[in-house]
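The structure under discussion appears below in the form of structure tokens.
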Amino acid sequence: MKKFVYIPLLAMCGLLLINARPVPDENKIKDLAVKSITAKDLSDYLHIVASDSMEGRATGEAGQKKAALYLAAKFKEFGLTPPVSSASGNSYFQKFTLVEKKWADVYITVNKKKKEFLKDFYAYGDVSLPEATPLKIVCAGYGIESKSYNDYAALDVKDKGVIIFTGEPFRDSISLVSGTKKSSSWANDWRAKSELAFKKGAKAVFVIVGNTDQDFETRLNSLKEHLTAPSMAFTHKKKASAFFIPISLAAEMLKSTQEDLAAYKKKLSTRLLSSAYASDTQSKSSNKLLGTDSYIYPFKSAKVVAKAGVTERMVDTENVLGVIEGSKHPEEIVVLTAHYDHLGIENGKICYGADDDGSGTVALLEIAQAFSLARKEGFTPARTVLFMPVTGEERGLMGSEYYTDKPVFPLKNTVVDLNIDMIGRVDASHINNEEYVYIIGSNRLSTELHKISEQANASAPNIQLDYTFNSYDDPNRFYYRSDHYNFAKNRIPVIFYFSGVHEDYHKPTDTVDKIRFDKMTKITQLVFLTAWEIANLDHKLVVDVTE
């Protein structure tokens with residue numbers, strides 16, 4: 001009798017004990033995770049990532065491979081799942097091959113006058129004209145095609161060299177493209193313009209830099225060191241490419257003058273469709289004028305020959321991926337990125353890249369351990385969180401572009417990308433206030449994301465959120481210059497966390513001893529809190545802004 005009664009009582013007690021387990025306190029666990037993000041951890045990680053042994057982490061080189069192994073080992077230590085399928089099972093590495101290209105013989109001749117590379121013009125992207133190629137030159141205005149504005153409405157660019165302006169047309173302070181006072185995404189995206197021209201059959205694209213030759217010289221001087229370095233291209237597709245020229249060279253190529261080019265550019269803002277003219281090979285009947293004024297295409301092509309020879313070698317590299325699977329909506333993905341590559345060894349000196357982007361890389365590690373700690377304490381995020389240090393950023397945002405081309409998780413299920421690039425120093429505008437971060441892109445696609453970011457900051461770090469570089473007219477074009485952009489162009493909301501450039505940017509002197517770890521800690525906590533809120537929303541982050 002006792003025996004019969006004893007067993008059910010034990011079972012009941014066991015059930016009561018199980019049911020009595022406390023429900024995890026989300027706020028308490030979140031606070032514990034935030035406090036686990038420390039300056040000491042960040043320093044410990046960065047002293048490894050930006051050490052001599054990593055040799056500057058150049059894409060495809062031994063130091064980058066060492067860094068990838070270190071990051072994967074930390075992900076394993078934190079209990080992150082490797083999500084990449086491979087022949088030997090799941091892996092932390094998304095491997096791919098790039099083509100490294102070095103310039104060989106590069107020139108432009110105009111009426112047999114030879115123009116010098118990196119003096120009279122420069123080239124960027126996957127430019128390849130291995131043989132001297134004669135080109136008939138046409139000007140395609142701003143090089144834009146949209147519902148409200150079209151530079152190609154009456155222009156055939158097949159097999160031609162196409163000259164385009166940067167920016168976009170405005171009339172009475174209203175963009176003819178966006179229909180608002182804000183510039184559209186076309187304005188600062190030469191890649192999109194180039195890709196459109198090539199899609200229409202162009203042989204080469206020439207982008208006019210600025211409005212004066214001085215604008216061109218300033219831009220060239222700021223880029224010259226970067227332009228002389230080898231570039232990278234994909235094996236699975238051709239990247240956007242262009243020659244960049246001063247307005248004087250454009251005028252020469254079009255048998256015109258700088259003044260006439262400027263007048264033509266101004267005229268584009270007075271017509272409904274910029275190709276509302278009859279070209280020298282087309283009928284006036286194709287005109288679609290805003291008013292009744294007839295406008296004849298004013299240019300003729302000089303005798304132009306271009307050549308852009310390159311030498312090539314294959315380079316193997318990899319992104320590093322680790323995930324914490326969501327508890328309620330595991331198919332929805334919150335992505336955090338930072339690029340772990342840098343410049344390698346230049347002129348015999350290691351470019352350590354402690355700030356660029358060792359700072360973002362180790363911030364990812366610390367956020368990963370914070371989410372891992374929360375899971376150990378009993379709270380798993382509702383959505384899957386993907387931590388992805390990417391490669392090839394210094395060579396043209398290659399790793400993030402490869403991922404968005406060949407995603408491990410469907411882009412349609414990707415909720416947001418929070419990208420961290422250079423958060424360990426201060427710039428000239430904040431010498432007396434290190435507690436700040438530039439927020440770029442937060443409101444470009446989702447007003448909800450912007451609100452979450454501001455609320456996350458108010459809850460703990462409470463640092464200055466500086467939106468200076470979030471301007472659509474930012475001359476630095478920072479919105480387009482880090483890995484978040486490859487998500488943004490796929491209409492995935494993004495935030496780019498950035499502290500600005502400094503005197504050691506892209507120099508061997510970007511070293512760990514100059515990093516402000518207390519500052520880094522607060523920014524890292526902000527990114528964690530923002531990711532936490534998005535990962536645990538009761539709905540998918542709303543995309544409600546059309547650029």
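Chain identifiers are assigned as A, B, and so on, following the order in which chains appear in the structure tokens; residues are numbered from 1 within each chain, and ligands are numbered from 1 in order of appearance.
These are the residues of region 375-433 of chain A assigned strand (DSSP E or B) by DSSP from backbone coordinates: Arg383, Thr384, Val385, Leu386, Phe387, Met388, Pro389, Val390, Thr414, Val415, Val416, Asp417, Leu418, Asn419 and Ile420 of chain A.
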Saved selection, atoms kept: C-alpha atoms, as a short mmCIF file (atom, residue, chain, number, x, y, z; two decimals), in the first residue's frame:
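Resulting contents of again_35.cif:
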```
data_model
loop_
_atom_site.label_atom_id
_atom_site.label_comp_id
_atom_site.auth_asym_id
_atom_site.auth_seq_id
_atom_site.Cartn_x
_atom_site.Cartn_y
_atom_site.Cartn_z
CA ARG A 383 14.81 35.42 -34.22
CA THR A 384 18.02 33.84 -35.46
CA VAL A 385 21.08 36.08 -35.04
CA LEU A 386 23.85 35.72 -37.63
CA PHE A 387 27.31 37.03 -36.73
CA MET A 388 29.35 37.51 -39.90
CA PRO A 389 32.86 38.95 -40.04
CA VAL A 390 33.34 39.47 -43.78
CA THR A 414 16.78 38.87 -43.54
CA VAL A 415 15.39 41.50 -41.19
CA VAL A 416 18.29 43.92 -40.76
CA ASP A 417 22.06 44.33 -41.04
CA LEU A 418 23.88 46.14 -38.23
CA ASN A 419 27.36 46.89 -39.55
CA ILE A 420 30.29 48.02 -37.40
#
```
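If you count only C-alpha atoms and ignore residues fewer than 6 places along the chain from Pro230 (chain A), what sits within 10 Å of it is A:Val99, A:Glu100, A:Lys101, A:Lys102, A:Trp103, A:Val310, A:Thr311, A:Glu312, A:Arg395.
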Wanna dump the region 379-453 of chain A-region 48-57 of chain A contacts at 12 Å for me, each residue with its shortest atom pair and the distance in Å to one decimal, counting only C-alpha atoms, ordered by chain and number, as JSON lines?
```
{"residue": "A:Val390", "atom": "CA", "partner": "A:Arg57", "partner_atom": "CA", "distance": 11.7}
{"residue": "A:Thr391", "atom": "CA", "partner": "A:Arg57", "partner_atom": "CA", "distance": 9.2}
{"residue": "A:Gly392", "atom": "CA", "partner": "A:Arg57", "partner_atom": "CA", "distance": 9.9}
{"residue": "A:Glu393", "atom": "CA", "partner": "A:Arg57", "partner_atom": "CA", "distance": 11.3}
{"residue": "A:Glu394", "atom": "CA", "partner": "A:Arg57", "partner_atom": "CA", "distance": 10.4}
```
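Of the listed residues (A:Leu46, A:Val437, A:Ala488, A:Ala263), A:Val437 comes nearest to Phe469 (chain A); the distances count only C-alpha atoms.
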| remark: Using only C-alpha atoms, the residue out of A:Asn486, A:Asn476, A:Asn457, A:Ser359 with shortest distance to Asp510 (chain A) is A:Ser359
